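K.L.:
What follows is run_39.cif; its format and atoms are mmCIF, C-alpha atoms.
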data_coords
#
loop_
_atom_site.label_atom_id
_atom_site.label_comp_id
_atom_site.auth_asym_id
_atom_site.auth_seq_id
_atom_site.Cartn_x
_atom_site.Cartn_y
_atom_site.Cartn_z
CA MET A 909 122.98 109.53 66.42
CA ASN A 910 120.08 108.86 68.77
CA ARG A 911 121.37 108.97 72.35
CA PHE A 912 118.49 106.80 73.59
CA LYS A 913 119.01 103.07 73.30
CA THR A 914 116.05 101.20 71.83
CA SER A 915 114.55 98.82 74.35
CA LYS A 916 114.59 95.14 73.48
CA PHE A 917 111.04 95.01 74.86
CA LYS A 918 109.71 97.64 72.43
CA ASN A 919 107.66 95.20 70.38
CA THR A 920 106.92 92.69 73.12
CA THR A 921 103.36 91.36 73.27
CA PRO A 922 101.79 89.30 76.07
CA LYS A 923 101.39 85.59 75.59
CA ILE A 924 98.18 84.14 76.99
CA GLY A 925 98.64 80.77 78.66
CA LYS A 926 96.79 77.71 77.46
CA LYS A 927 93.34 77.21 78.93
CA ASP A 928 94.40 74.08 80.83
CA GLY A 929 96.74 76.35 82.81
CA TRP A 930 93.97 78.70 83.95
CA ILE A 931 92.60 78.71 87.50
CA SER A 932 88.98 78.74 86.42
CA ASN A 933 87.01 78.09 89.62
CA VAL A 934 87.71 81.51 91.15
CA ARG A 935 84.85 83.79 92.19
CA ALA A 936 86.62 87.12 92.43
CA GLY A 937 84.88 90.08 94.01
CA SER A 938 83.96 93.31 92.23
CA PHE A 939 84.29 95.60 95.25
CA THR A 940 85.80 99.09 95.26
CA SER A 941 88.87 99.81 97.35
CA GLN A 942 92.29 101.41 96.94
CA GLY A 943 94.22 98.19 97.59
CA ASN A 944 94.90 94.92 95.82
CA HIS A 945 92.24 92.30 95.24
CA ILE A 946 94.73 89.54 94.46
CA LYS A 947 98.26 88.83 95.70
CA SER A 948 100.73 85.97 95.39
CA SER A 949 103.70 84.56 97.26
CA THR A 950 105.99 82.04 95.59
CA ARG A 951 103.60 79.25 96.66
CA LEU A 952 100.12 80.64 97.26
CA VAL A 953 97.59 82.99 95.64
CA ALA A 954 95.09 84.91 97.79
CA PHE A 955 92.21 86.93 96.37
CA ASN A 956 89.08 88.82 97.37
CA THR A 957 85.91 86.85 96.81
CA ASP A 958 82.32 88.06 96.56
CA GLN A 959 80.99 85.63 99.15
CA ALA A 960 79.48 86.87 102.44
CA GLY A 961 79.64 90.57 101.59
CA GLY A 962 83.38 90.77 101.05
CA GLY A 963 84.82 89.50 104.34
CA MET A 964 85.89 86.22 102.76
CA LEU A 965 89.28 85.43 101.25
CA GLY A 966 89.90 82.89 98.50
CA LEU A 967 93.12 80.86 98.56
CA THR A 968 94.74 78.57 96.03
CA SER A 969 98.25 77.40 95.12
CA VAL A 970 100.52 78.72 92.39
CA GLU A 971 101.00 75.22 90.97
CA PRO A 972 98.18 72.72 90.29
CA GLY A 973 97.84 69.49 92.25
CA SER A 974 98.91 66.06 91.04
CA ASP A 975 95.63 65.78 89.08
CA GLY A 976 96.43 68.98 87.16
CA ARG A 977 93.69 70.95 88.91
CA TRP A 978 93.74 73.80 91.41
CA THR A 979 91.96 73.53 94.73
CA VAL A 980 90.36 76.77 95.91
CA THR A 981 89.35 77.24 99.53
CA VAL A 982 87.57 80.15 101.21
CA ILE A 983 88.54 81.62 104.59
CA PRO A 984 86.33 83.94 106.70
CA CYS A 985 88.67 86.80 107.62
CA HIS A 986 86.77 90.01 108.39
CA SER A 987 83.30 91.25 109.20
CA ASP A 988 83.39 93.69 106.26
CA LEU A 989 85.10 94.16 102.88
CA ILE A 990 88.77 93.10 102.64
CA THR A 991 90.33 96.20 101.10
CA ASP A 992 93.95 95.05 100.68
CA LEU A 993 96.24 92.07 101.26
CA ASP A 994 99.97 91.36 101.19
CA PHE A 995 102.20 88.31 101.70
CA SER A 996 105.29 88.63 103.89
CA PRO A 997 108.55 88.68 101.89
CA PHE A 998 110.05 86.49 104.65
CA ASP A 999 107.33 83.83 104.91
CA ASP A 1000 105.25 82.48 102.02
CA ASN A 1001 102.47 81.47 104.42
CA LEU A 1002 102.13 84.74 106.35
CA LEU A 1003 99.39 86.95 104.91
CA ALA A 1004 98.28 90.40 106.09
CA THR A 1005 94.77 91.67 105.36
CA CYS A 1006 93.11 95.00 106.11
CA SER A 1007 89.44 95.78 106.00
CA ALA A 1008 86.61 98.26 106.12
CA ASP A 1009 85.96 96.81 109.59
CA GLU A 1010 88.95 98.94 110.71
CA THR A 1011 91.30 96.07 111.57
CA VAL A 1012 94.51 94.56 110.18
CA LYS A 1013 94.94 90.81 110.62
CA LEU A 1014 97.86 88.42 110.10
CA TRP A 1015 97.04 84.89 108.99
CA ARG A 1016 99.17 81.74 108.93
CA VAL A 1017 97.62 80.19 105.82
CA CYS A 1018 98.26 76.64 104.59
CA GLU A 1019 98.06 74.80 101.31
CA PRO A 1020 94.45 74.96 100.07
CA GLU A 1021 93.98 71.20 100.58
CA GLN A 1022 94.80 71.56 104.30
CA GLU A 1023 92.70 72.89 107.17
CA GLN A 1024 93.04 76.67 107.38
CA PRO A 1025 93.50 78.63 110.62
CA GLY A 1026 90.40 79.26 112.71
CA GLY A 1027 91.56 82.76 113.60
CA ALA A 1028 94.19 85.40 112.97
CA GLU A 1029 97.62 85.21 114.62
CA VAL A 1030 97.64 88.99 115.16
CA THR A 1031 94.92 91.64 115.07
CA LEU A 1032 95.81 95.35 114.94
CA CYS A 1033 93.35 98.21 115.50
CA PRO A 1034 94.87 101.43 114.10
CA GLY A 1035 91.80 103.49 115.03
CA GLU A 1036 91.65 105.58 111.84
CA GLY A 1037 88.34 104.33 110.46
CA ARG A 1038 88.14 102.25 107.28
CA LEU A 1039 91.55 100.91 106.29
CA GLU A 1040 92.55 100.86 102.61
CA LEU A 1041 96.18 99.72 102.24
CA VAL A 1042 98.63 97.35 103.88
CA ALA A 1043 102.23 96.67 102.82
CA PHE A 1044 104.98 94.58 104.44
CA HIS A 1045 108.38 96.22 104.79
CA PRO A 1046 110.74 94.50 102.31
CA THR A 1047 113.75 94.13 104.63
CA SER A 1048 112.44 94.27 108.22
CA SER A 1049 110.36 91.27 109.26
CA GLY A 1050 107.10 92.15 110.98
CA LEU A 1051 107.00 95.82 110.01
CA LEU A 1052 103.84 97.00 108.22
CA ALA A 1053 102.68 100.21 106.57
CA VAL A 1054 98.93 100.64 107.04
CA GLY A 1055 96.95 103.28 105.14
CA SER A 1056 93.52 104.61 106.06
CA THR A 1057 91.67 107.39 104.21
CA LYS A 1058 94.36 110.07 104.61
CA THR A 1059 96.87 108.65 107.10
CA VAL A 1060 99.76 106.17 107.00
CA GLN A 1061 100.80 104.34 110.17
CA LEU A 1062 103.80 102.08 110.70
CA TRP A 1063 103.27 99.03 112.91
CA ASP A 1064 105.57 96.43 114.46
CA THR A 1065 103.41 93.30 114.59
CA SER A 1066 105.21 92.13 117.76
CA ARG A 1067 104.01 95.33 119.51
CA GLN A 1068 100.27 95.32 119.01
CA GLN A 1069 99.14 98.14 121.31
CA SER A 1070 100.09 101.21 119.29
CA ALA A 1071 101.74 102.32 116.05
CA LEU A 1072 105.48 102.94 115.84
CA ALA A 1073 104.86 106.14 113.88
CA VAL A 1074 102.06 108.11 112.22
CA LEU A 1075 103.12 109.99 109.09
CA GLU A 1076 101.85 113.44 108.17
CA PRO A 1077 98.26 113.19 106.87
CA HIS A 1078 97.59 113.42 103.14
CA GLY A 1079 95.38 116.11 101.64
CA ASP A 1080 92.79 113.70 100.23
CA GLN A 1081 92.12 110.00 99.70
CA LEU A 1082 95.32 107.94 99.87
CA GLN A 1083 95.48 105.80 96.71
CA SER A 1084 98.63 103.68 96.91
CA LEU A 1085 101.77 102.92 98.91
CA SER A 1086 105.09 101.38 97.85
CA TRP A 1087 108.28 100.61 99.78
CA LYS A 1088 111.62 101.09 98.09
CA GLN A 1089 113.28 97.70 97.68
CA ASP A 1090 115.90 98.37 100.38
CA GLY A 1091 113.18 99.59 102.75
CA SER A 1092 114.69 103.05 103.23
CA LEU A 1093 111.83 105.07 101.71
CA LEU A 1094 108.05 104.85 101.40
CA ALA A 1095 106.25 106.49 98.48
CA SER A 1096 102.56 107.34 98.19
CA SER A 1097 100.08 108.64 95.64
CA CYS A 1098 96.95 110.54 96.58
CA LYS A 1099 93.73 111.90 95.12
CA ASP A 1100 95.07 115.41 95.78
CA LYS A 1101 97.33 114.70 92.74
CA LYS A 1102 100.55 114.79 94.78
CA LEU A 1103 103.35 112.25 95.09
CA ARG A 1104 105.10 111.99 98.44
CA VAL A 1105 108.28 110.22 99.52
CA PHE A 1106 108.82 109.57 103.23
CA ASP A 1107 111.91 108.51 105.17
CA PRO A 1108 110.10 107.15 108.26
CA ARG A 1109 113.38 106.65 110.17
CA ALA A 1110 114.22 110.37 109.98
CA GLN A 1111 110.97 112.35 109.97
CA LEU A 1112 107.19 112.09 109.74
CA THR A 1113 106.85 114.67 106.95
CA PRO A 1114 107.73 113.96 103.28
CA VAL A 1115 111.37 114.35 102.28
CA GLN A 1116 110.20 114.92 98.70
CA SER A 1117 106.83 115.82 97.17
CA ALA A 1118 105.59 116.89 93.75
CA GLN A 1119 102.50 117.29 91.60
CA GLY A 1120 101.79 113.90 90.04
CA LEU A 1121 99.24 112.84 87.44
CA GLN A 1122 96.63 115.58 87.04
CA SER A 1123 93.54 113.39 86.89
CA ASN A 1124 91.81 112.62 90.18
CA LYS A 1125 91.12 109.06 89.03
CA ASP A 1126 92.90 106.28 90.88
CA SER A 1127 96.68 106.19 90.50
CA ARG A 1128 99.32 103.68 91.54
CA ILE A 1129 102.94 104.16 92.53
CA LEU A 1130 105.78 101.64 92.27
CA TRP A 1131 109.55 101.70 92.80
CA VAL A 1132 111.72 100.59 89.91
CA LYS A 1133 113.81 97.64 91.05
CA ASP A 1134 117.28 98.49 92.43
CA SER A 1135 117.02 102.20 91.64
CA ASP A 1136 115.91 105.59 92.97
CA HIS A 1137 113.24 105.86 90.29
CA ILE A 1138 109.48 105.69 90.77
CA LEU A 1139 106.77 104.75 88.29
CA THR A 1140 103.27 106.20 88.55
CA THR A 1141 100.34 104.86 86.57
CA GLY A 1142 96.92 106.43 86.14
CA PHE A 1143 95.02 108.57 83.67
CA ASP A 1144 95.62 111.90 81.95
CA GLN A 1145 92.98 114.62 81.46
CA MET A 1146 91.72 112.93 78.29
CA ARG A 1147 91.21 109.61 80.11
CA GLY A 1148 94.25 108.14 78.44
CA ARG A 1149 96.20 105.58 80.45
CA GLU A 1150 99.46 107.22 81.44
CA VAL A 1151 102.76 106.05 82.94
CA ARG A 1152 105.33 108.51 84.30
CA LEU A 1153 108.89 108.00 85.53
CA TRP A 1154 110.28 110.08 88.42
CA ASP A 1155 113.60 110.45 90.22
CA SER A 1156 112.79 110.19 93.95
CA ARG A 1157 115.80 112.38 94.82
CA LYS A 1158 114.37 115.30 92.83
CA LEU A 1159 110.64 115.08 92.26
CA GLY A 1160 110.27 118.53 90.69
CA SER A 1161 109.29 117.12 87.30
CA SER A 1162 108.98 113.70 85.75
CA LEU A 1163 111.75 112.18 83.65
CA GLY A 1164 109.32 111.09 80.96
CA SER A 1165 105.88 109.68 80.27
CA ALA A 1166 104.05 107.30 77.98
CA ASN A 1167 100.39 107.12 76.97
CA LEU A 1168 99.02 103.57 76.78
CA GLY A 1169 95.68 104.28 75.15
CA THR A 1170 92.28 105.55 76.12
CA SER A 1171 90.16 104.16 78.95
CA ASN A 1172 86.50 103.41 78.41
CA GLY A 1173 85.78 103.97 82.12
#
Reformat the file's structure so that it appears as structure tokens.

P.N.:
Amino acid sequence: MNRFKTSKFKNTTPKIGKKDGWISNVRAGSFTSQGNHIKSSTRLVAFNTDQAGGGMLGLTSVEPGSDGRWTVTVIPCHSDLITDLDFSPFDDNLLATCSADETVKLWRVCEPEQEQPGGAEVTLCPGEGRLELVAFHPTSSGLLAVGSTKTVQLWDTSRQQSALAVLEPHGDQLQSLSWKQDGSLLASSCKDKKLRVFDPRAQLTPVQSAQGLQSNKDSRILWVKDSDHILTTGFDQMRGREVRLWDSRKLGSSLGSANLGTSNG
């Protein structure tokens, strides 16, 4: 008897929405950064746009207007490329952006039909050069993780003068950050092919670390909901798309992996 239960999603295939449900008037950017180029709250969608060299942010709503169409507005946010963005889990209208201009900004955005803010509510200057990643803490309002090339800083947005903590530097380019759902741990992936798990309340060095995916192509890390498990996605040595599952309490080796096909990149 097979001790592994067959997943009910084994043969699931994506269903593409009808064309009248597409947001078609979006000019997304094609810039290179480690962060997200699109993010959504329950009400709004923000995305990087290719206007004005990358310092502009596009904004639209999740649902169309009464005429069945989506309004898209553009907001000037930074003087250089927006490298990452994240909505607050406590406020659908509070958006954090970080940029190659070395700043993090918090914006109180409105519905796209309304007048958008003329400036940021908060501006942080971590002082670590180009910033790549920003992530709101899932359970503590106003707490941000900010990633530069090799360093992660934790900031309280109500205390704008200096970081709460600076975690031990990574060995190479930081590629992704992810908070555990209860906010107790922060995981990272890096170009040095290592996974790290930090408990920022206890120490600035990793509480767990391990060799991750062995390709130096970009990788992403994500906590599995309501568990101690971590998913990493990236590429294997043969350029195949790979997903691995890890137990954050014992990162010595992965629990399993799956190959999702070969990349043409």

K.L.:
Specify as a PyMOL selection string each residue included when the PyMOL selection byres ((chain A and resi 1065-1075) around 12) is applied to this file.

P.N.:
chain A and resi 996+1002+1004+1011-1015+1029-1036+1044-1045+1048-1056+1058-1064+1076-1078+1094-1096+1104-1115

K.L.:
Kindly resolve the PyMOL selection byres ((chain A and resi 1136) around 6) on the present coordinates and return the residues as a PyMOL selection string.

P.N.:
chain A and resi 1135+1137+1156

K.L.:
Within 8 Å of Ser1127 in chain A, counting all atoms listed in the file, which residues show up once you throw out same-chain ones fewer than 5 positions away? Write them as number ranges by chain, please.

P.N.:
A: 1083-1084, 1097-1099, 1121, 1140-1143

K.L.:
Considering only C-alpha atoms, return as a list in words whatever protein or nucleic-acid residues lie within 10 Å of Asp1100 in chain A, sequence-local ones (same chain, fewer than 4 positions apart) excluded.

P.N.:
His1078, Gly1079, Asp1080, Gln1081, Leu1082, Gln1083, Gln1119, Gly1120, Leu1121, Gln1122, Ser1123 and Asn1124 of chain A

K.L.:
Residues within 10 Å of Asp1134 in chain A, please, as a list in words. Count all atoms listed in the file; anything in the same chain fewer than 3 positions from it doesn't count.

P.N.:
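Contacts, with the query itself left out: Lys1088, Gln1089, Asp1090, Trp1131 and His1137 of chain A.
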
K.L.:
Here is a test: counting all atoms listed in the file, which residue of A:Ser1161, A:Thr921, A:Gln1024, A:Thr1047 is nearest to Leu967 in chain A?

P.N.:
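Answer, going by the shortest atom-to-atom distance: A:Gln1024.
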
K.L.:
Expand the PyMOL selection byres ((chain A and resi 979) around 8) into the explicit residue set it covers here, and present it as a list of chain:residue names.

P.N.:
A:Thr968, A:Ser969, A:Pro972, A:Gly973, A:Arg977, A:Trp978, A:Val980, A:Thr981, A:Pro1020, A:Glu1021

K.L.:
Please identify all polymer residues within 8 Å of Gly1037 in chain A, counting all atoms listed in the file, omitting same-chain residues fewer than 6 positions from it, and present them as a PyMOL selection string.

P.N.:
chain A and resi 1008-1010+1056-1057

K.L.:
Would you put the residues from that selection into a file with C-alpha atoms, as a PDB file, keeping the file's coordinate frame?

P.N.:
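This is the output file again_18.pdb:
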ATOM      1  CA  ALA A1008      86.610  98.260 106.120  1.00  0.00           C
ATOM      2  CA  ASP A1009      85.960  96.810 109.590  1.00  0.00           C
ATOM      3  CA  GLU A1010      88.950  98.940 110.710  1.00  0.00           C
ATOM      4  CA  SER A1056      93.520 104.610 106.060  1.00  0.00           C
ATOM      5  CA  THR A1057      91.670 107.390 104.210  1.00  0.00           C
TER       6      THR A1057
END

K.L.:
Mind giving me the straight-line distance from CA of Leu989 in chain A to CA of Ala1043 in chain A in Å, one decimal?

P.N.:
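Calculated distance between CA of Leu989 in chain A and CA of Ala1043 in chain A is 17.3 Å.
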
K.L.:
Between A:Ser949, A:Asn1001, A:Thr957, A:Ser1086, single out the one closest to Cys1018 in chain A, counting all atoms listed in the file.

P.N.:
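Checking each of A:Ser949, A:Asn1001, A:Thr957, A:Ser1086 against Cys1018 in chain A, counting all atoms listed in the file, the winner is A:Asn1001.
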
K.L.:
Please report the interatomic distance between CA of Lys926 in chain A and CA of Asn956 in chain A in Å with one decimal.

P.N.:
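Distance between the two atoms: 24.1 Å.
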
K.L.:
Using CA of Lys927 in chain A and CA of Asp975 in chain A as the two end points, give the distance in Å to one decimal.

P.N.:
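Interatomic distance, CA of Lys927 in chain A to CA of Asp975 in chain A: 15.5 Å.
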